[in-house]
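File shown: final.txt (compact mmCIF, C-alpha atoms and all ligand atoms).
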# COMPACT_ATOMS: atom_id res chain seq x y z
CA MET A 1 4.88 20.26 9.85
CA LYS A 2 6.05 23.21 11.96
CA PHE A 3 6.55 21.73 15.45
CA CYS A 4 8.14 18.51 16.67
CA SER A 5 5.30 16.19 17.71
CA HIS A 6 7.69 14.50 20.14
CA CYS A 7 9.22 17.44 22.08
CA GLY A 8 7.30 20.51 20.85
CA SER A 9 10.39 22.27 19.47
CA ASP A 10 9.75 24.83 16.69
CA GLN A 11 13.25 24.32 15.26
CA LEU A 12 12.40 21.47 12.90
CA ARG A 13 14.70 21.04 9.94
CA PHE A 14 14.04 19.57 6.53
CA ASP A 15 17.23 18.17 5.11
CA VAL A 16 19.14 14.88 4.96
CA PRO A 17 19.68 13.53 8.49
CA GLU A 18 23.05 12.00 9.31
CA GLY A 19 23.25 8.44 8.01
CA ASP A 20 20.20 8.88 5.79
CA ASN A 21 20.02 9.49 2.06
CA ARG A 22 17.03 11.76 1.56
CA PRO A 23 15.56 14.89 3.14
CA ARG A 24 13.26 14.40 6.13
CA TYR A 25 11.67 16.54 8.76
CA TRP A 26 13.80 16.00 11.85
CA CYS A 27 14.28 17.65 15.20
CA PRO A 28 17.72 18.85 16.33
CA ALA A 29 16.36 19.24 19.87
CA CYS A 30 15.32 15.60 20.44
CA GLN A 31 16.90 13.95 17.35
CA ILE A 32 13.62 12.39 16.25
CA ILE A 33 13.16 11.86 12.50
CA HIS A 34 9.59 12.41 11.33
CA TYR A 35 9.19 9.92 8.53
CA GLN A 36 6.45 10.47 5.99
CA ASN A 37 5.32 7.66 3.74
CA PRO A 38 2.80 7.05 0.96
CA LYS A 39 -0.80 6.37 1.85
CA ILE A 40 -2.95 3.55 0.52
CA VAL A 41 -6.37 4.24 -0.99
CA VAL A 42 -8.52 1.10 -1.10
CA GLY A 43 -11.74 0.62 -2.99
CA SER A 44 -14.05 -1.85 -4.66
CA LEU A 45 -15.76 -2.40 -7.98
CA PRO A 46 -19.12 -3.74 -6.77
CA VAL A 47 -21.31 -5.49 -9.32
CA TRP A 48 -24.94 -6.52 -9.11
CA GLU A 49 -26.72 -8.33 -11.95
CA GLY A 50 -24.37 -6.90 -14.55
CA ARG A 51 -24.50 -3.37 -13.20
CA ILE A 52 -21.67 -1.47 -11.53
CA LEU A 53 -22.13 0.57 -8.38
CA LEU A 54 -20.95 4.17 -8.63
CA CYS A 55 -21.15 7.02 -6.13
CA LYS A 56 -21.49 10.72 -6.92
CA ARG A 57 -19.10 12.59 -4.64
CA SER A 58 -20.56 15.24 -2.36
CA ILE A 59 -17.17 16.34 -1.01
CA GLN A 60 -13.97 17.76 -2.42
CA PRO A 61 -11.92 16.88 -4.30
CA ARG A 62 -14.07 16.25 -7.41
CA ALA A 63 -17.46 16.90 -5.83
CA GLY A 64 -20.23 16.15 -8.30
CA TYR A 65 -18.22 13.52 -10.14
CA TRP A 66 -18.75 9.77 -10.03
CA THR A 67 -16.41 7.32 -8.38
CA LEU A 68 -16.08 3.75 -7.30
CA PRO A 69 -16.26 3.57 -3.51
CA ALA A 70 -12.73 4.13 -2.16
CA GLY A 71 -10.85 5.93 0.55
CA PHE A 72 -7.80 5.94 2.79
CA MET A 73 -6.95 2.64 4.42
CA GLU A 74 -7.03 2.94 8.23
CA ASN A 75 -4.62 1.61 10.83
CA GLY A 76 -5.70 -1.77 12.16
CA GLU A 77 -7.55 -2.97 9.11
CA THR A 78 -6.67 -5.13 6.12
CA LEU A 79 -6.88 -3.91 2.54
CA GLN A 80 -10.09 -5.85 2.12
CA GLU A 81 -11.60 -4.56 5.34
CA GLY A 82 -10.84 -1.04 4.16
CA ALA A 83 -12.47 -1.60 0.78
CA ILE A 84 -15.55 -3.11 2.42
CA ARG A 85 -15.76 -0.26 4.93
CA GLU A 86 -15.50 2.41 2.25
CA THR A 87 -18.22 0.71 0.21
CA TRP A 88 -20.42 0.74 3.26
CA GLU A 89 -19.66 4.36 4.16
CA GLU A 90 -20.11 5.80 0.67
CA ALA A 91 -22.87 3.57 -0.69
CA CYS A 92 -24.50 1.92 2.35
CA ALA A 93 -23.81 -1.34 0.53
CA THR A 94 -22.37 -4.67 1.63
CA VAL A 95 -19.82 -5.96 -0.87
CA ASN A 96 -18.34 -9.45 -1.02
CA LEU A 97 -14.86 -9.04 -2.43
CA THR A 98 -13.26 -11.51 -4.79
CA ASP A 99 -9.85 -10.57 -6.21
CA LEU A 100 -7.42 -7.68 -6.09
CA TYR A 101 -7.80 -6.11 -9.53
CA THR A 102 -5.92 -2.82 -10.01
CA VAL A 103 -2.93 -1.27 -8.27
CA PHE A 104 -1.93 2.27 -9.22
CA ASN A 105 1.16 4.24 -8.30
CA LEU A 106 0.52 7.97 -7.91
CA PRO A 107 4.01 9.02 -6.81
CA HIS A 108 3.34 12.76 -7.29
CA ILE A 109 0.70 12.70 -4.55
CA TYR A 110 2.31 9.98 -2.42
CA GLN A 111 -0.51 7.50 -2.88
CA VAL A 112 -1.08 3.90 -3.97
CA TYR A 113 -4.60 2.96 -5.07
CA MET A 114 -5.83 -0.63 -4.84
CA PHE A 115 -9.24 -1.79 -6.11
CA PHE A 116 -10.83 -5.17 -5.46
CA LEU A 117 -13.53 -6.80 -7.57
CA GLY A 118 -16.70 -7.63 -5.67
CA GLU A 119 -20.38 -8.43 -5.73
CA LEU A 120 -23.08 -6.69 -3.80
CA ALA A 121 -24.38 -9.02 -1.12
CA ASP A 122 -28.04 -8.32 -1.77
CA GLY A 123 -28.32 -5.55 -4.34
CA ARG A 124 -29.18 -2.99 -1.71
CA TYR A 125 -27.47 0.35 -1.50
CA GLY A 126 -28.10 3.92 -0.37
CA VAL A 127 -26.56 7.35 -0.40
CA GLY A 128 -23.65 7.42 2.04
CA GLU A 129 -22.17 10.32 3.95
CA GLU A 130 -19.73 11.49 1.30
CA SER A 131 -22.10 10.91 -1.64
CA SER A 132 -24.94 12.93 -3.16
CA ASP A 133 -26.19 10.05 -5.31
CA VAL A 134 -25.47 6.35 -5.73
CA GLY A 135 -26.57 4.09 -8.55
CA LEU A 136 -26.07 0.89 -10.50
CA PHE A 137 -24.89 1.40 -14.07
CA LEU A 138 -24.90 -0.92 -17.05
CA PRO A 139 -21.58 -0.78 -18.92
CA LYS A 140 -23.15 1.37 -21.65
CA GLU A 141 -24.50 3.79 -19.03
CA ILE A 142 -21.17 4.63 -17.36
CA PRO A 143 -20.74 8.43 -17.28
CA TRP A 144 -17.20 8.44 -18.69
CA ASP A 145 -17.00 12.21 -18.88
CA GLU A 146 -18.08 12.62 -15.28
CA LEU A 147 -15.73 10.22 -13.53
CA ALA A 148 -13.83 11.64 -10.58
CA PHE A 149 -10.38 10.11 -10.89
CA PRO A 150 -8.17 8.45 -13.51
CA THR A 151 -7.82 5.46 -11.18
CA VAL A 152 -11.58 4.95 -11.51
CA THR A 153 -11.63 5.46 -15.26
CA ARG A 154 -8.87 2.93 -15.80
CA THR A 155 -10.34 0.36 -13.45
CA LEU A 156 -13.71 0.58 -15.21
CA ARG A 157 -12.11 0.47 -18.64
CA PHE A 158 -10.16 -2.68 -17.74
CA TYR A 159 -13.28 -4.24 -16.31
CA LEU A 160 -15.28 -3.74 -19.49
CA GLN A 161 -12.40 -5.11 -21.56
CA ASP A 162 -12.14 -8.13 -19.32
CA LEU A 163 -15.88 -8.83 -19.34
CA ALA A 164 -15.40 -9.78 -22.98
CA THR A 165 -12.95 -12.54 -22.10
CA GLY A 166 -14.09 -13.48 -18.60
CA GLU A 167 -10.48 -13.19 -17.34
CA PHE A 168 -9.69 -10.42 -14.87
CA PRO A 169 -5.91 -10.28 -14.46
CA ILE A 170 -4.44 -7.86 -11.98
CA ARG A 171 -3.03 -4.62 -13.39
CA VAL A 172 -0.21 -2.68 -11.76
CA GLN A 173 0.24 0.72 -13.39
CA ASP A 174 1.48 4.25 -12.86
CA ILE A 175 -0.75 7.28 -13.07
CA ALA A 176 0.74 10.61 -14.11
CA PRO A 177 -0.11 13.97 -12.56
CA LEU A 178 -3.44 15.58 -13.46
CA GLY A 179 -3.22 17.47 -16.71
CA THR A 180 -1.14 14.72 -18.33
CA PRO A 181 -3.25 13.22 -21.14
CA GLU A 182 -4.53 9.71 -20.41
CA PRO A 183 -2.97 7.17 -22.80
CA MET B 1 2.59 12.00 19.54
CA LYS B 2 2.66 14.50 22.38
CA PHE B 3 2.62 17.90 20.65
CA CYS B 4 0.60 19.27 17.75
CA SER B 5 2.94 19.44 14.75
CA HIS B 6 0.82 22.27 13.35
CA CYS B 7 0.54 24.69 16.30
CA GLY B 8 2.81 23.22 19.00
CA SER B 9 0.02 22.75 21.56
CA ASP B 10 0.63 20.10 24.22
CA GLN B 11 -3.11 19.53 24.68
CA LEU B 12 -3.53 16.86 22.00
CA ARG B 13 -6.47 14.55 22.46
CA PHE B 14 -6.96 10.99 21.31
CA ASP B 15 -10.66 10.33 20.83
CA VAL B 16 -13.30 10.43 18.10
CA PRO B 17 -13.35 13.89 16.47
CA GLU B 18 -16.72 15.42 15.66
CA GLY B 19 -18.07 14.01 12.41
CA ASP B 20 -15.59 11.12 12.43
CA ASN B 21 -16.10 7.51 13.41
CA ARG B 22 -12.82 6.43 15.00
CA PRO B 23 -10.33 7.78 17.52
CA ARG B 24 -7.61 10.07 16.17
CA TYR B 25 -4.99 12.36 17.57
CA TRP B 26 -6.44 15.84 17.16
CA CYS B 27 -5.73 19.32 18.46
CA PRO B 28 -8.42 21.32 20.26
CA ALA B 29 -6.26 24.44 19.89
CA CYS B 30 -6.04 24.51 16.09
CA GLN B 31 -8.62 21.79 15.22
CA ILE B 32 -6.15 19.83 13.11
CA ILE B 33 -6.69 16.06 12.95
CA HIS B 34 -3.45 14.08 12.83
CA TYR B 35 -4.33 11.11 10.66
CA GLN B 36 -2.17 8.01 10.89
CA ASN B 37 -2.31 5.39 8.16
CA PRO B 38 -0.70 2.05 7.34
CA LYS B 39 2.72 1.99 5.77
CA ILE B 40 3.77 -0.01 2.72
CA VAL B 41 6.82 -2.26 2.81
CA VAL B 42 8.06 -3.08 -0.69
CA GLY B 43 10.54 -5.73 -1.66
CA SER B 44 11.76 -8.06 -4.36
CA LEU B 45 12.50 -11.73 -4.88
CA PRO B 46 15.61 -11.46 -7.07
CA VAL B 47 16.69 -14.57 -8.96
CA TRP B 48 19.91 -15.33 -10.79
CA GLU B 49 20.50 -18.64 -12.60
CA GLY B 50 18.05 -20.48 -10.38
CA ARG B 51 19.36 -18.98 -7.16
CA ILE B 52 17.51 -16.56 -4.89
CA LEU B 53 19.15 -13.48 -3.39
CA LEU B 54 18.86 -13.22 0.39
CA CYS B 55 20.29 -10.67 2.82
CA LYS B 56 21.34 -11.27 6.41
CA ARG B 57 20.07 -8.38 8.48
CA SER B 58 22.61 -6.35 10.43
CA ILE B 59 19.97 -4.16 12.09
CA GLN B 60 17.00 -4.67 14.36
CA PRO B 61 14.43 -6.05 14.20
CA ARG B 62 15.61 -9.58 13.50
CA ALA B 63 19.33 -8.85 13.17
CA GLY B 64 21.21 -11.98 12.10
CA TYR B 65 18.24 -13.44 10.23
CA TRP B 66 17.85 -13.71 6.47
CA THR B 67 15.40 -11.67 4.43
CA LEU B 68 14.45 -10.77 0.91
CA PRO B 69 15.43 -7.16 0.26
CA ALA B 70 12.54 -4.95 1.42
CA GLY B 71 11.80 -1.75 3.26
CA PHE B 72 9.43 1.17 3.69
CA MET B 73 8.19 2.75 0.49
CA GLU B 74 9.17 6.42 0.31
CA ASN B 75 7.18 9.46 -0.75
CA GLY B 76 7.64 10.28 -4.42
CA GLU B 77 8.42 6.79 -5.63
CA THR B 78 6.39 3.97 -7.17
CA LEU B 79 6.10 0.53 -5.60
CA GLN B 80 8.55 -0.78 -8.17
CA GLU B 81 11.02 2.05 -7.63
CA GLY B 82 10.89 1.31 -3.91
CA ALA B 83 11.54 -2.39 -4.42
CA ILE B 84 14.44 -1.66 -6.77
CA ARG B 85 15.91 0.90 -4.34
CA GLU B 86 15.70 -1.48 -1.39
CA THR B 87 17.40 -4.21 -3.40
CA TRP B 88 20.17 -1.80 -4.23
CA GLU B 89 20.54 -0.52 -0.66
CA GLU B 90 20.53 -3.92 1.04
CA ALA B 91 22.30 -6.03 -1.56
CA CYS B 92 24.12 -3.60 -3.89
CA ALA B 93 22.25 -5.39 -6.66
CA THR B 94 20.32 -4.17 -9.70
CA VAL B 95 17.04 -6.06 -10.07
CA ASN B 96 14.75 -6.05 -13.11
CA LEU B 97 11.26 -6.54 -11.75
CA THR B 98 8.62 -8.58 -13.51
CA ASP B 99 5.30 -9.07 -11.67
CA LEU B 100 3.76 -8.19 -8.36
CA TYR B 101 3.72 -11.51 -6.54
CA THR B 102 2.66 -11.32 -2.87
CA VAL B 103 0.59 -8.81 -0.90
CA PHE B 104 0.32 -9.27 2.87
CA ASN B 105 -1.90 -7.50 5.36
CA LEU B 106 -0.30 -7.03 8.78
CA PRO B 107 -3.09 -5.06 10.43
CA HIS B 108 -1.66 -5.46 13.95
CA ILE B 109 1.43 -3.44 13.00
CA TYR B 110 -0.28 -1.16 10.47
CA GLN B 111 1.67 -2.44 7.49
CA VAL B 112 1.07 -3.87 4.02
CA TYR B 113 3.92 -5.85 2.45
CA MET B 114 4.27 -6.15 -1.32
CA PHE B 115 6.89 -8.29 -3.07
CA PHE B 116 7.74 -8.25 -6.77
CA LEU B 117 9.41 -11.05 -8.69
CA GLY B 118 12.60 -10.06 -10.43
CA GLU B 119 15.88 -11.07 -12.01
CA LEU B 120 19.27 -9.73 -11.16
CA ALA B 121 20.54 -7.59 -14.02
CA ASP B 122 24.02 -9.08 -14.11
CA GLY B 123 24.38 -11.47 -11.18
CA ARG B 124 26.42 -8.97 -9.20
CA TYR B 125 25.67 -8.14 -5.59
CA GLY B 126 27.39 -6.98 -2.43
CA VAL B 127 26.77 -6.43 1.24
CA GLY B 128 24.57 -3.35 1.65
CA GLU B 129 24.31 -0.95 4.58
CA GLU B 130 21.71 -2.87 6.55
CA SER B 131 23.16 -6.31 5.82
CA SER B 132 25.98 -8.36 7.32
CA ASP B 133 25.96 -10.91 4.51
CA VAL B 134 24.31 -11.39 1.15
CA GLY B 135 24.15 -14.52 -0.96
CA LEU B 136 22.48 -16.48 -3.72
CA PHE B 137 20.68 -19.62 -2.52
CA LEU B 138 19.46 -22.64 -4.40
CA PRO B 139 15.94 -23.63 -3.33
CA LYS B 140 17.36 -26.52 -1.27
CA GLU B 141 19.79 -24.16 0.47
CA ILE B 142 17.24 -21.69 1.82
CA PRO B 143 17.78 -21.28 5.60
CA TRP B 144 14.13 -21.76 6.55
CA ASP B 145 14.82 -21.67 10.28
CA GLU B 146 16.74 -18.42 10.01
CA LEU B 147 14.33 -16.31 7.99
CA ALA B 148 13.55 -12.89 9.45
CA PHE B 149 9.84 -12.45 8.76
CA PRO B 150 6.76 -14.54 7.97
CA THR B 151 6.22 -12.39 4.86
CA VAL B 152 9.56 -13.64 3.57
CA THR B 153 8.89 -17.27 4.51
CA ARG B 154 5.55 -17.28 2.73
CA THR B 155 6.84 -15.52 -0.36
CA LEU B 156 9.68 -18.03 -0.69
CA ARG B 157 7.38 -20.96 -0.03
CA PHE B 158 4.96 -19.82 -2.76
CA TYR B 159 7.83 -19.29 -5.13
CA LEU B 160 9.15 -22.82 -4.70
CA GLN B 161 5.63 -24.21 -5.14
CA ASP B 162 5.14 -22.16 -8.29
CA LEU B 163 8.50 -23.15 -9.78
CA ALA B 164 7.01 -26.62 -10.16
CA THR B 165 4.22 -25.34 -12.40
CA GLY B 166 5.84 -22.28 -13.97
CA GLU B 167 2.80 -20.17 -13.04
CA PHE B 168 3.27 -17.41 -10.48
CA PRO B 169 -0.17 -16.08 -9.56
CA ILE B 170 -0.41 -13.15 -7.19
CA ARG B 171 -1.27 -13.97 -3.56
CA VAL B 172 -3.09 -11.60 -1.25
CA GLN B 173 -3.04 -12.85 2.33
CA ASP B 174 -3.23 -11.82 5.96
CA ILE B 175 -0.42 -12.38 8.44
CA ALA B 176 -1.25 -12.81 12.10
CA PRO B 177 0.73 -11.31 14.98
CA LEU B 178 4.06 -12.91 15.87
CA GLY B 179 3.58 -15.88 18.13
CA THR B 180 0.57 -17.10 16.15
CA PRO B 181 1.57 -20.42 14.56
CA GLU B 182 2.09 -20.25 10.81
CA PRO B 183 -0.54 -22.32 8.97
ZN ZN C 201 11.79 17.13 19.00
ZN ZN C 202 -2.65 22.31 16.97
Take the structure in the file and give it back as structure tokens.
Amino acid sequence: MKFCSHCGSDQLRFDVPEGDNRPRYWCPACQIIHYQNPKIVVGSLPVWEGRILLCKRSIQPRAGYWTLPAGFMENGETLQEGAIRETWEEACATVNLTDLYTVFNLPHIYQVYMFFLGELADGRYGVGEESSDVGLFLPKEIPWDELAFPTVTRTLRFYLQDLATGEFPIRVQDIAPLGTPEP
Amino acid sequence: MKFCSHCGSDQLRFDVPEGDNRPRYWCPACQIIHYQNPKIVVGSLPVWEGRILLCKRSIQPRAGYWTLPAGFMENGETLQEGAIRETWEEACATVNLTDLYTVFNLPHIYQVYMFFLGELADGRYGVGEESSDVGLFLPKEIPWDELAFPTVTRTLRFYLQDLATGEFPIRVQDIAPLGTPEP
């Protein structure tokens, strides 16, 4: 952020505004504070006849790696609408969501991930815009070494655990910066 | 948003950028797209010896009405850290969180609310910066007609329901624009 989006001034400051308690971008010219807040990434774990839908990413970051369909929540939509939209965009698939399943804090990159469980509406899918391949995987076929993000790895790992019991409790967890070993 | 925060241009446009599928603020001069995404409001439902901590708001919106401690999640913190911080700022109280309890979509104002259950650490509290009064309320004392937000009303209502059973399952719900009758 180099210019004030409100008045165009190039004299933005980044320090603690008066009456606040943490550094912000703010504009001495027009006094506007430019708040920045974490973003939500929403996704789904779509299942069809015991198989899980995964998408091979065609874009950075992590191009060539497999992911559950997920992406940034947009203004004007609900969490569920976002998860459904991302599943459509990345896998050309219609998913019927059931429950919220995993919530991950990624404070180092200012993100919160939220995955919903779901079922494909009709088993159909295709290769969406940001994917180079899409497929349905049996649990034993999941490409663990080629998963794109720890949020995906954990969500899939919980799902396989929970399949054994048939109970799918929500998990709220933190994820450490990349390079930190997964527990 | 009137000026590009990247290059200072005053020729920002608001329409669908090439390769995108929804209108955004973007800058023809430097080609930057200014994404805007929903914000997370985090809060807690702090309990002490069967009483619930509520704060009377001293700031707009809804000054003079009672709320659970809650506010915008900040960059660099987890959901839980945000809920704990807000409880400290608004009620000078230390809360030990247990479980995520309610998640509300407010798509019309681009927000997602998330409340955690918690217990006060030591029963102590005070009147924080954005409050004019803070108190502990027995269930029968809750000022239902003076609550600030439907997210607070619903969270409290679920909590009282769940007290009867001792089970506190997570709720994920939508909240309609103000003026829409509460179900
Ligand atoms: Zn300015
Ligand atoms: Zn620009």
Interatomic distance, atom CA of Val16 of chain B to atom CA of Val112 of chain A (Å, one decimal):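 Separation of atom CA of Val16 of chain B and atom CA of Val112 of chain A: 26.1 Å.
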Interface list for chain A, partner chain B, 7 Å threshold, all atoms listed in the file, as a ChimeraX atom specification: /A:1-8,36-39,73-79,105,107-108,110
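Going from atom CA of Gly64 of chain B to atom CA of Asp133 of chain B covers 9.0 Å.
Using all atoms listed in the file, the shortest contact distance between ligand ZN 202 (chain C) and any of B:Pro17, B:Pro28, B:Pro150, B:Pro23 is found at B:Pro28.
If you look at atom CA of Glu141 of chain B and atom CA of Gln161 of chain B, they are 15.2 Å away from each other.
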Which of B:Thr151, B:Gln60, B:Thr67, B:Thr94 sits closest to Val134 of chain B [using all atoms listed in the file]: B:Thr67
